Amino acid sequence: MAHKSNTPTLYAKHRGFFDVEKVIKSVQNWYVENNFSTIHIPKYKQNFPKPEGIERQVEMHGEKKVTGYVKMHIDIILHFFYLRDIELVRDGKKVKLQEGSVNIEIAGVLELDWQNRFSGSKFLEALDNFYRSYIIKYKIGDFWDDMVLDTEIEVMDLIKSELGAEVV
Amino acid sequence: MAYQQEYGNPQKHRHSDYPAQVGVAKWKVTLQDVYNLSQLYKALHDWAVENGWADRDEREFPEVYYFDKDTPIGKEVHFWWRLEKAPENTKSKLFRYFMDLDFKLLGLKDAEIMYQGKKVKTKRSEFELECSGILVLDYDKTWSNSIFKNWWELFYKRSIARQFVMHKSVVFQDSMKFRDIIMDHFKLTTFMPEKEGGEYYLKRDFT
């Protein structure tokens, strides 16, 4: 039976000048380039333009098979506020950007036995329980959980670099 | 609580009769904006016909549901498209592509805006579209009606695994291309690297 566990969610906020289309496109391309087998975009929402700016919300979900037993899910939520089109001069050239705020949320989930090979009988479920709790217990905690968290950090760094924020 | 007797026609999903189906693409777009509704509808309709998802005959176009209501904030319109396509270049009926599209327009009103110094008549509403791309396996039930029905999963997961992945990617790409027409019309971020149909489908230029 499939068993899911959540890894810590990463949050970030940024306010400044950035290219919204480039940020969203870079996240979409990241999913494709990192061989995520399933990519969903369950939400793309934009409200009516208001005097203070446009509000836009994008949610993306990706699934990647690590092994025949382990699967990684990465959910990314980008919430843009007070977006306004502006023109800046950078390195002597006029550049069209947007000014506004963005809230970033990245959540990861580690799914074990995603093919449900250990389902169908109580014996197999008990076997799966024993396998997870005793045999691969430390591999889950020290390796796979950290792998999901590292992936979340990698995509957060990518988004921050696209926004022009400080990346350590 | 009163006992509810079972009735003869229990509700079930239209795909539940098929032996197996795989959800390939699922997305939702909710946009509040001013746009040319008739232009967008025609672009989506033409794309579905030209890419083999719908028949050229208008009477056969799969708009299975239409609902219209006047509300104080504007019209509320719901309509559903149930697109279906057979895989190209094959006579096999093992796979079938389905794309379920649920359109919802809230607060639909006429609007007039100034565009390039001219007054243009458009529509203003919340445009919502929910899409499910589904790959149905064993569409003609050849395997499930044969003596080898218990070997079906082994067959498509091992023997024709590459074809299975190929068909999944076709459904996913077509679903994203459909989404890109809408995103391109509203001048928003598309998913596919190339523009669908180049500049053939008009953007929201109100002309």
# chains A, B, ... in the order shown; residues from 1 in each chain; ligands from 1
call {"tool": "interface_residues", "arguments": {"of": "chain A", "to": "chain B", "cutoff": "12 Å", "atoms": "only C-alpha atoms", "output": "MDAnalysis selection string"}}
result
chainID A and resid 19:32 37:50 54:63 115
call {"tool": "write_last_selection", "arguments": {"atoms": "N, CA and C atoms", "output": "mmCIF file, in the first residue's frame"}}
result
data_model
loop_
_atom_site.group_PDB
_atom_site.id
_atom_site.type_symbol
_atom_site.label_atom_id
_atom_site.label_comp_id
_atom_site.auth_asym_id
_atom_site.auth_seq_id
_atom_site.Cartn_x
_atom_site.Cartn_y
_atom_site.Cartn_z
ATOM 1 N N ASP A 19 10.745 39.460 -14.241
ATOM 2 C CA ASP A 19 9.975 39.077 -15.434
ATOM 3 C C ASP A 19 9.120 37.880 -15.047
ATOM 4 N N VAL A 20 7.815 38.097 -14.897
ATOM 5 C CA VAL A 20 6.910 37.043 -14.425
ATOM 6 C C VAL A 20 6.905 35.846 -15.377
ATOM 7 N N GLU A 21 6.873 36.154 -16.664
ATOM 8 C CA GLU A 21 6.804 35.068 -17.649
ATOM 9 C C GLU A 21 8.063 34.201 -17.572
ATOM 10 N N LYS A 22 9.203 34.860 -17.382
ATOM 11 C CA LYS A 22 10.462 34.118 -17.313
ATOM 12 C C LYS A 22 10.508 33.227 -16.071
ATOM 13 N N VAL A 23 9.965 33.718 -14.973
ATOM 14 C CA VAL A 23 9.972 32.942 -13.725
ATOM 15 C C VAL A 23 9.116 31.687 -13.893
ATOM 16 N N ILE A 24 7.894 31.879 -14.423
ATOM 17 C CA ILE A 24 6.984 30.727 -14.572
ATOM 18 C C ILE A 24 7.554 29.734 -15.584
ATOM 19 N N LYS A 25 8.101 30.261 -16.669
ATOM 20 C CA LYS A 25 8.664 29.397 -17.713
ATOM 21 C C LYS A 25 9.857 28.597 -17.175
ATOM 22 N N SER A 26 10.679 29.225 -16.343
ATOM 23 C CA SER A 26 11.860 28.531 -15.812
ATOM 24 C C SER A 26 11.433 27.379 -14.906
ATOM 25 N N VAL A 27 10.348 27.576 -14.137
ATOM 26 C CA VAL A 27 9.870 26.501 -13.265
ATOM 27 C C VAL A 27 9.312 25.356 -14.109
ATOM 28 N N GLN A 28 8.550 25.692 -15.147
ATOM 29 C CA GLN A 28 7.992 24.654 -16.034
ATOM 30 C C GLN A 28 9.119 23.870 -16.695
ATOM 31 N N ASN A 29 10.142 24.593 -17.191
ATOM 32 C CA ASN A 29 11.267 23.928 -17.849
ATOM 33 C C ASN A 29 12.059 23.070 -16.862
ATOM 34 N N TRP A 30 12.127 23.504 -15.608
ATOM 35 C CA TRP A 30 12.853 22.726 -14.602
ATOM 36 C C TRP A 30 12.215 21.343 -14.430
ATOM 37 N N TYR A 31 10.887 21.312 -14.402
ATOM 38 C CA TYR A 31 10.192 20.027 -14.289
ATOM 39 C C TYR A 31 10.536 19.127 -15.485
ATOM 40 N N VAL A 32 10.544 19.699 -16.665
ATOM 41 C CA VAL A 32 10.784 18.907 -17.879
ATOM 42 C C VAL A 32 12.239 18.441 -17.918
ATOM 43 N N SER A 37 8.067 12.598 -14.600
ATOM 44 C CA SER A 37 7.233 11.825 -15.517
ATOM 45 C C SER A 37 5.817 12.370 -15.608
ATOM 46 N N THR A 38 5.344 12.984 -14.550
ATOM 47 C CA THR A 38 3.978 13.535 -14.544
ATOM 48 C C THR A 38 4.051 14.996 -14.137
ATOM 49 N N ILE A 39 3.496 15.847 -14.968
ATOM 50 C CA ILE A 39 3.463 17.284 -14.652
ATOM 51 C C ILE A 39 2.019 17.741 -14.778
ATOM 52 N N HIS A 40 1.488 18.306 -13.692
ATOM 53 C CA HIS A 40 0.145 18.898 -13.733
ATOM 54 C C HIS A 40 0.262 20.376 -13.396
ATOM 55 N N ILE A 41 -0.631 21.166 -13.982
ATOM 56 C CA ILE A 41 -0.723 22.575 -13.590
ATOM 57 C C ILE A 41 -2.153 22.762 -13.098
ATOM 58 N N PRO A 42 -2.447 22.351 -11.855
ATOM 59 C CA PRO A 42 -3.845 22.317 -11.413
ATOM 60 C C PRO A 42 -4.501 23.681 -11.263
ATOM 61 N N LYS A 43 -3.681 24.744 -11.232
ATOM 62 C CA LYS A 43 -4.301 26.063 -11.066
ATOM 63 C C LYS A 43 -3.475 27.135 -11.761
ATOM 64 N N TYR A 44 -4.136 27.954 -12.549
ATOM 65 C CA TYR A 44 -3.531 29.173 -13.101
ATOM 66 C C TYR A 44 -4.629 30.208 -13.027
ATOM 67 N N LYS A 45 -4.503 31.121 -12.078
ATOM 68 C CA LYS A 45 -5.601 32.047 -11.820
ATOM 69 C C LYS A 45 -5.126 33.482 -11.916
ATOM 70 N N GLN A 46 -5.906 34.302 -12.572
ATOM 71 C CA GLN A 46 -5.594 35.728 -12.667
ATOM 72 C C GLN A 46 -6.867 36.498 -12.398
ATOM 73 N N ASN A 47 -6.787 37.494 -11.492
ATOM 74 C CA ASN A 47 -7.963 38.301 -11.163
ATOM 75 C C ASN A 47 -8.052 39.505 -12.088
ATOM 76 N N PHE A 48 -9.218 40.154 -12.068
ATOM 77 C CA PHE A 48 -9.399 41.361 -12.877
ATOM 78 C C PHE A 48 -8.340 42.393 -12.513
ATOM 79 N N PRO A 49 -7.805 43.080 -13.519
ATOM 80 C CA PRO A 49 -6.818 44.122 -13.202
ATOM 81 C C PRO A 49 -7.425 45.197 -12.308
ATOM 82 N N LYS A 50 -6.697 45.558 -11.258
ATOM 83 C CA LYS A 50 -7.165 46.586 -10.320
ATOM 84 C C LYS A 50 -6.195 47.760 -10.377
ATOM 85 N N ILE A 54 -2.144 43.653 -10.813
ATOM 86 C CA ILE A 54 -2.774 42.368 -11.153
ATOM 87 C C ILE A 54 -2.348 41.324 -10.134
ATOM 88 N N GLU A 55 -3.268 40.394 -9.821
ATOM 89 C CA GLU A 55 -2.947 39.293 -8.918
ATOM 90 C C GLU A 55 -2.984 37.997 -9.732
ATOM 91 N N ARG A 56 -1.952 37.200 -9.607
ATOM 92 C CA ARG A 56 -1.868 35.960 -10.380
ATOM 93 C C ARG A 56 -1.381 34.833 -9.482
ATOM 94 N N GLN A 57 -1.977 33.648 -9.652
ATOM 95 C CA GLN A 57 -1.580 32.505 -8.827
ATOM 96 C C GLN A 57 -1.364 31.292 -9.722
ATOM 97 N N VAL A 58 -0.209 30.655 -9.565
ATOM 98 C CA VAL A 58 0.130 29.492 -10.377
ATOM 99 C C VAL A 58 0.506 28.348 -9.440
ATOM 100 N N GLU A 59 -0.107 27.176 -9.671
ATOM 101 C CA GLU A 59 0.272 25.995 -8.895
ATOM 102 C C GLU A 59 0.738 24.929 -9.868
ATOM 103 N N MET A 60 1.873 24.301 -9.540
ATOM 104 C CA MET A 60 2.379 23.235 -10.403
ATOM 105 C C MET A 60 2.700 22.019 -9.560
ATOM 106 N N HIS A 61 2.465 20.854 -10.153
ATOM 107 C CA HIS A 61 2.706 19.611 -9.419
ATOM 108 C C HIS A 61 3.467 18.663 -10.324
ATOM 109 N N GLY A 62 4.545 18.064 -9.795
ATOM 110 C CA GLY A 62 5.319 17.132 -10.604
ATOM 111 C C GLY A 62 5.623 15.872 -9.825
ATOM 112 N N GLU A 63 5.671 14.738 -10.556
ATOM 113 C CA GLU A 63 5.979 13.449 -9.927
ATOM 114 C C GLU A 63 7.159 12.833 -10.653
ATOM 115 N N GLN A 115 3.636 1.684 -6.555
ATOM 116 C CA GLN A 115 3.013 0.739 -7.482
ATOM 117 C C GLN A 115 2.076 -0.225 -6.753
#
call {"tool": "select_by_dssp", "arguments": {"residues": "segment 96-158 of chain B", "states": "strand (DSSP E or B)", "output": "PyMOL selection string"}}
result
chain B and resi 96-115+118-137
call {"tool": "closest_residue", "arguments": {"among": "B:Asp138, B:Asp70, B:Glu50, B:Glu58", "to": "His15 of chain B", "atoms": "only C-alpha atoms"}}
result
B:Asp138
call {"tool": "residues_around", "arguments": {"residues": "segment 80-92 of chain B", "least_positions_apart": "6", "cutoff": "8 Å", "atoms": "only C-alpha atoms", "output": "list in words"}}
result
Ala48, Gly52, Trp53, Ala54, Pro62, Glu63, Val64, Tyr65, Tyr66, Phe98, Met99, Asp100, Leu101, Asp102, Phe103 and His167 of chain B
call {"tool": "write_last_selection", "arguments": {"atoms": "all heavy atoms", "output": "short mmCIF file (atom, residue, chain, number, x, y, z; two decimals), in the first residue's frame"}}
result
data_model
loop_
_atom_site.label_atom_id
_atom_site.label_comp_id
_atom_site.auth_asym_id
_atom_site.auth_seq_id
_atom_site.Cartn_x
_atom_site.Cartn_y
_atom_site.Cartn_z
N ALA B 48 -9.51 21.84 -32.36
CA ALA B 48 -10.00 20.49 -32.08
C ALA B 48 -10.32 19.76 -33.39
O ALA B 48 -10.01 18.57 -33.54
CB ALA B 48 -11.25 20.55 -31.20
N GLY B 52 -7.89 16.45 -35.26
CA GLY B 52 -8.52 15.13 -35.24
C GLY B 52 -9.28 14.79 -33.96
O GLY B 52 -9.68 13.65 -33.76
N TRP B 53 -9.50 15.79 -33.08
CA TRP B 53 -10.23 15.53 -31.84
C TRP B 53 -11.74 15.63 -32.01
O TRP B 53 -12.50 15.21 -31.13
CB TRP B 53 -9.77 16.48 -30.75
CG TRP B 53 -8.43 16.15 -30.18
CD1 TRP B 53 -7.22 16.62 -30.61
CD2 TRP B 53 -8.14 15.27 -29.09
NE1 TRP B 53 -6.20 16.10 -29.85
CE2 TRP B 53 -6.75 15.27 -28.90
CE3 TRP B 53 -8.93 14.49 -28.24
CZ2 TRP B 53 -6.12 14.51 -27.92
CZ3 TRP B 53 -8.31 13.74 -27.25
CH2 TRP B 53 -6.91 13.75 -27.10
N ALA B 54 -12.18 16.24 -33.10
CA ALA B 54 -13.63 16.39 -33.31
C ALA B 54 -13.91 16.29 -34.80
O ALA B 54 -13.03 16.52 -35.64
CB ALA B 54 -14.10 17.73 -32.77
N PRO B 62 -18.61 17.39 -30.30
CA PRO B 62 -19.00 16.84 -28.98
C PRO B 62 -19.17 17.87 -27.86
O PRO B 62 -18.52 17.80 -26.82
CB PRO B 62 -17.84 15.89 -28.66
CG PRO B 62 -16.67 16.46 -29.37
CD PRO B 62 -17.19 17.10 -30.61
N GLU B 63 -20.06 18.85 -28.10
CA GLU B 63 -20.42 19.75 -27.01
C GLU B 63 -21.63 19.11 -26.35
O GLU B 63 -22.76 19.28 -26.80
CB GLU B 63 -20.73 21.15 -27.53
CG GLU B 63 -20.91 22.16 -26.40
CD GLU B 63 -21.00 23.60 -26.89
OE1 GLU B 63 -20.06 24.07 -27.54
OE2 GLU B 63 -22.04 24.22 -26.62
N VAL B 64 -21.39 18.39 -25.26
CA VAL B 64 -22.43 17.51 -24.71
C VAL B 64 -23.35 18.23 -23.72
O VAL B 64 -24.39 17.69 -23.35
CB VAL B 64 -21.80 16.27 -24.04
CG1 VAL B 64 -21.00 15.49 -25.05
CG2 VAL B 64 -20.96 16.65 -22.86
N TYR B 65 -22.92 19.41 -23.26
CA TYR B 65 -23.74 20.08 -22.23
C TYR B 65 -23.61 21.58 -22.41
O TYR B 65 -22.52 22.10 -22.65
CB TYR B 65 -23.23 19.66 -20.84
CG TYR B 65 -23.91 20.34 -19.68
CD1 TYR B 65 -25.20 20.00 -19.29
CD2 TYR B 65 -23.24 21.31 -18.93
CE1 TYR B 65 -25.82 20.63 -18.21
CE2 TYR B 65 -23.85 21.93 -17.86
CZ TYR B 65 -25.12 21.59 -17.49
OH TYR B 65 -25.73 22.20 -16.42
N TYR B 66 -24.73 22.28 -22.29
CA TYR B 66 -24.72 23.75 -22.34
C TYR B 66 -25.73 24.26 -21.33
O TYR B 66 -26.87 23.82 -21.27
CB TYR B 66 -25.07 24.26 -23.75
CG TYR B 66 -25.06 25.76 -23.84
CD1 TYR B 66 -23.88 26.45 -24.10
CD2 TYR B 66 -26.22 26.51 -23.63
CE1 TYR B 66 -23.85 27.83 -24.16
CE2 TYR B 66 -26.20 27.89 -23.68
CZ TYR B 66 -25.01 28.54 -23.94
OH TYR B 66 -24.98 29.91 -23.99
N PHE B 98 -8.80 10.56 -24.74
CA PHE B 98 -9.96 11.37 -24.34
C PHE B 98 -9.49 12.66 -23.71
O PHE B 98 -8.51 12.70 -22.99
CB PHE B 98 -10.82 10.62 -23.31
CG PHE B 98 -11.61 9.48 -23.89
CD1 PHE B 98 -11.06 8.22 -23.99
CD2 PHE B 98 -12.91 9.67 -24.34
CE1 PHE B 98 -11.76 7.18 -24.53
CE2 PHE B 98 -13.63 8.62 -24.88
CZ PHE B 98 -13.05 7.37 -24.97
N MET B 99 -10.21 13.74 -24.02
CA MET B 99 -9.93 15.02 -23.37
C MET B 99 -11.27 15.62 -22.93
O MET B 99 -12.12 15.93 -23.77
CB MET B 99 -9.20 15.96 -24.36
CG MET B 99 -8.48 17.05 -23.65
SD MET B 99 -7.03 17.80 -24.45
CE MET B 99 -7.46 18.09 -26.09
N ASP B 100 -11.45 15.74 -21.62
CA ASP B 100 -12.70 16.28 -21.07
C ASP B 100 -12.48 17.74 -20.71
O ASP B 100 -11.60 18.05 -19.90
CB ASP B 100 -13.11 15.50 -19.83
CG ASP B 100 -13.45 14.06 -20.14
OD1 ASP B 100 -13.56 13.73 -21.33
OD2 ASP B 100 -13.61 13.27 -19.19
N LEU B 101 -13.26 18.62 -21.32
CA LEU B 101 -13.09 20.06 -21.09
C LEU B 101 -14.37 20.63 -20.50
O LEU B 101 -15.44 20.47 -21.09
CB LEU B 101 -12.78 20.76 -22.42
CG LEU B 101 -11.52 20.28 -23.11
CD1 LEU B 101 -11.55 20.60 -24.59
CD2 LEU B 101 -10.30 20.94 -22.48
N ASP B 102 -14.25 21.27 -19.34
CA ASP B 102 -15.40 21.92 -18.70
C ASP B 102 -15.17 23.42 -18.69
O ASP B 102 -14.31 23.91 -17.97
CB ASP B 102 -15.55 21.43 -17.25
CG ASP B 102 -15.88 19.96 -17.18
OD1 ASP B 102 -16.18 19.36 -18.22
OD2 ASP B 102 -15.84 19.40 -16.06
N PHE B 103 -15.94 24.12 -19.49
CA PHE B 103 -15.84 25.58 -19.55
C PHE B 103 -16.83 26.20 -18.58
O PHE B 103 -17.96 25.71 -18.44
CB PHE B 103 -16.18 26.09 -20.95
CG PHE B 103 -15.17 25.73 -22.02
CD1 PHE B 103 -15.19 24.49 -22.61
CD2 PHE B 103 -14.23 26.65 -22.44
CE1 PHE B 103 -14.29 24.15 -23.61
CE2 PHE B 103 -13.32 26.32 -23.43
CZ PHE B 103 -13.35 25.08 -24.01
N HIS B 167 2.02 6.93 -26.11
CA HIS B 167 0.62 7.39 -26.19
C HIS B 167 0.32 8.37 -25.06
O HIS B 167 -0.41 9.35 -25.26
CB HIS B 167 -0.34 6.20 -26.13
CG HIS B 167 -0.34 5.38 -27.38
ND1 HIS B 167 -0.79 5.88 -28.60
CD2 HIS B 167 0.05 4.11 -27.63
CE1 HIS B 167 -0.67 4.94 -29.52
NE2 HIS B 167 -0.16 3.86 -28.97
#
call {"tool": "select_by_dssp", "arguments": {"residues": "segment 66-166 of chain A", "states": "alpha helix (DSSP H)", "output": "VMD selection string"}}
result
chain A and resid 122 to 130 137 to 139 145 to 163
call {"tool": "closest_residue", "arguments": {"among": "A:Leu78, A:Gly53, A:Ala2, A:His73", "to": "Asn103 of chain A", "atoms": "only C-alpha atoms"}}
result
A:Leu78
call {"tool": "closest_residue", "arguments": {"among": "A:His3, A:Arg84, A:Arg117, A:Lys64", "to": "Glu99 of chain A", "atoms": "only C-alpha atoms"}}
result
A:Arg84
call {"tool": "residues_around", "arguments": {"residues": "Asp128 of chain A", "least_positions_apart": "6", "cutoff": "9 Å", "atoms": "only C-alpha atoms", "output": "PyMOL selection string"}}
result
chain A and resi 1+113+118-119
call {"tool": "write_last_selection", "arguments": {"atoms": "N, CA and C atoms", "output": "JSON list (two decimals), in the first residue's frame"}}
result
[["chain", "number", "residue", "atom", "x", "y", "z"],
["A", 1, "MET", "N", 0.84, -1.19, 0.00],
["A", 1, "MET", "CA", 0.00, 0.00, 0.00],
["A", 1, "MET", "C", 0.88, 1.25, 0.00],
["A", 113, "ASP", "N", 6.24, 2.65, -2.08],
["A", 113, "ASP", "CA", 5.38, 1.61, -2.65],
["A", 113, "ASP", "C", 4.28, 2.24, -3.51],
["A", 118, "PHE", "N", 2.86, -4.07, -2.48],
["A", 118, "PHE", "CA", 2.66, -4.70, -1.18],
["A", 118, "PHE", "C", 1.23, -4.49, -0.69],
["A", 119, "SER", "N", 0.28, -4.54, -1.59],
["A", 119, "SER", "CA", -1.12, -4.38, -1.18],
["A", 119, "SER", "C", -1.88, -5.59, -1.69]]
call {"tool": "residues_around", "arguments": {"residues": "Ile73 of chain B", "least_positions_apart": "5", "cutoff": "9 Å", "atoms": "only C-alpha atoms", "output": "PyMOL selection string"}}
result
chain B and resi 106-109
call {"tool": "residues_around", "arguments": {"residues": "segment 135-142 of chain A", "least_positions_apart": "6", "cutoff": "10 Å", "atoms": "only C-alpha atoms", "output": "ChimeraX atom specification"}}
result
/A:70,110,112,128-129
call {"tool": "residues_around", "arguments": {"residues": "segment 143-150 of chain B", "least_positions_apart": "6", "cutoff": "12 Å", "atoms": "only C-alpha atoms", "output": "VMD selection string"}}
result
chain B and resid 17 to 20 93 to 95 137 156
call {"tool": "decode", "arguments": {"residues": "segment 133-143 of chain B", "atoms": "all heavy atoms", "output": "CSV table (one decimal), in the first residue's frame"}}
result
chain,number,residue,atom,x,y,z
B,133,GLY,N,-7.0,15.0,-19.3
B,133,GLY,CA,-6.6,14.2,-20.5
B,133,GLY,C,-6.4,12.8,-20.0
B,133,GLY,O,-5.8,12.5,-19.0
B,134,ILE,N,-7.1,11.9,-20.7
B,134,ILE,CA,-7.2,10.5,-20.2
B,134,ILE,C,-6.8,9.5,-21.4
B,134,ILE,O,-7.2,9.7,-22.5
B,134,ILE,CB,-8.6,10.1,-19.8
B,134,ILE,CG1,-9.0,11.1,-18.6
B,134,ILE,CG2,-8.7,8.7,-19.3
B,134,ILE,CD1,-10.5,11.2,-18.4
B,135,LEU,N,-6.0,8.5,-21.0
B,135,LEU,CA,-5.6,7.5,-22.0
B,135,LEU,C,-6.4,6.2,-21.6
B,135,LEU,O,-6.2,5.7,-20.5
B,135,LEU,CB,-4.1,7.3,-22.0
B,135,LEU,CG,-3.6,6.1,-22.9
B,135,LEU,CD1,-3.8,6.5,-24.3
B,135,LEU,CD2,-2.1,5.9,-22.6
B,136,VAL,N,-7.3,5.8,-22.4
B,136,VAL,CA,-8.0,4.5,-22.1
B,136,VAL,C,-7.3,3.3,-22.8
B,136,VAL,O,-6.9,3.4,-23.9
B,136,VAL,CB,-9.5,4.7,-22.6
B,136,VAL,CG1,-10.2,3.3,-22.7
B,136,VAL,CG2,-10.3,5.6,-21.7
B,137,LEU,N,-7.2,2.3,-22.0
B,137,LEU,CA,-6.5,1.1,-22.4
B,137,LEU,C,-7.5,0.0,-22.7
B,137,LEU,O,-8.5,-0.1,-22.1
B,137,LEU,CB,-5.5,0.6,-21.4
B,137,LEU,CG,-4.5,1.7,-20.8
B,137,LEU,CD1,-3.9,1.2,-19.5
B,137,LEU,CD2,-3.5,2.0,-21.8
B,138,ASP,N,-7.2,-0.8,-23.7
B,138,ASP,CA,-8.1,-1.9,-24.1
B,138,ASP,C,-9.4,-1.4,-24.4
B,138,ASP,O,-10.5,-1.8,-23.9
B,138,ASP,CB,-8.1,-3.0,-23.0
B,138,ASP,CG,-8.8,-4.3,-23.5
B,138,ASP,OD1,-8.7,-4.5,-24.7
B,138,ASP,OD2,-9.3,-5.0,-22.6
B,139,TYR,N,-9.5,-0.4,-25.3
B,139,TYR,CA,-10.7,0.3,-25.7
B,139,TYR,C,-11.8,-0.6,-26.2
B,139,TYR,O,-13.0,-0.5,-25.9
B,139,TYR,CB,-10.4,1.4,-26.7
B,139,TYR,CG,-11.5,2.2,-27.2
B,139,TYR,CD1,-12.2,3.1,-26.4
B,139,TYR,CD2,-12.0,2.0,-28.5
B,139,TYR,CE1,-13.3,3.8,-26.9
B,139,TYR,CE2,-13.0,2.7,-29.0
B,139,TYR,CZ,-13.7,3.6,-28.2
B,139,TYR,OH,-14.8,4.3,-28.7
B,140,ASP,N,-11.4,-1.6,-27.1
B,140,ASP,CA,-12.4,-2.5,-27.7
B,140,ASP,C,-12.6,-3.7,-26.8
B,140,ASP,O,-13.3,-4.6,-27.3
B,140,ASP,CB,-12.0,-2.8,-29.1
B,140,ASP,CG,-10.6,-3.5,-29.2
B,140,ASP,OD1,-9.9,-3.4,-28.1
B,140,ASP,OD2,-10.2,-4.0,-30.2
B,141,LYS,N,-12.0,-3.7,-25.6
B,141,LYS,CA,-12.2,-4.8,-24.7
B,141,LYS,C,-11.8,-6.2,-25.2
B,141,LYS,O,-12.4,-7.2,-24.9
B,141,LYS,CB,-13.6,-4.9,-24.2
B,141,LYS,CG,-14.0,-3.6,-23.4
B,141,LYS,CD,-15.4,-3.6,-22.9
B,141,LYS,CE,-15.8,-2.3,-22.4
B,141,LYS,NZ,-17.2,-2.1,-22.1
B,142,THR,N,-10.8,-6.2,-26.1
B,142,THR,CA,-10.3,-7.5,-26.7
B,142,THR,C,-9.7,-8.3,-25.6
B,142,THR,O,-10.0,-9.5,-25.5
B,142,THR,CB,-9.3,-7.2,-27.7
B,142,THR,OG1,-9.7,-6.2,-28.6
B,142,THR,CG2,-8.9,-8.5,-28.5
B,143,TRP,N,-8.8,-7.7,-24.8
B,143,TRP,CA,-8.2,-8.5,-23.7
B,143,TRP,C,-9.1,-8.9,-22.6
B,143,TRP,O,-9.0,-10.0,-22.1
B,143,TRP,CB,-7.0,-7.6,-23.2
B,143,TRP,CG,-5.8,-7.7,-24.0
B,143,TRP,CD1,-5.5,-7.0,-25.1
B,143,TRP,CD2,-4.7,-8.5,-23.8
B,143,TRP,NE1,-4.3,-7.3,-25.6
B,143,TRP,CE2,-3.7,-8.3,-24.8
B,143,TRP,CE3,-4.3,-9.5,-22.8
B,143,TRP,CZ2,-2.5,-8.9,-24.9
B,143,TRP,CZ3,-3.1,-10.1,-22.9
B,143,TRP,CH2,-2.2,-9.8,-23.9
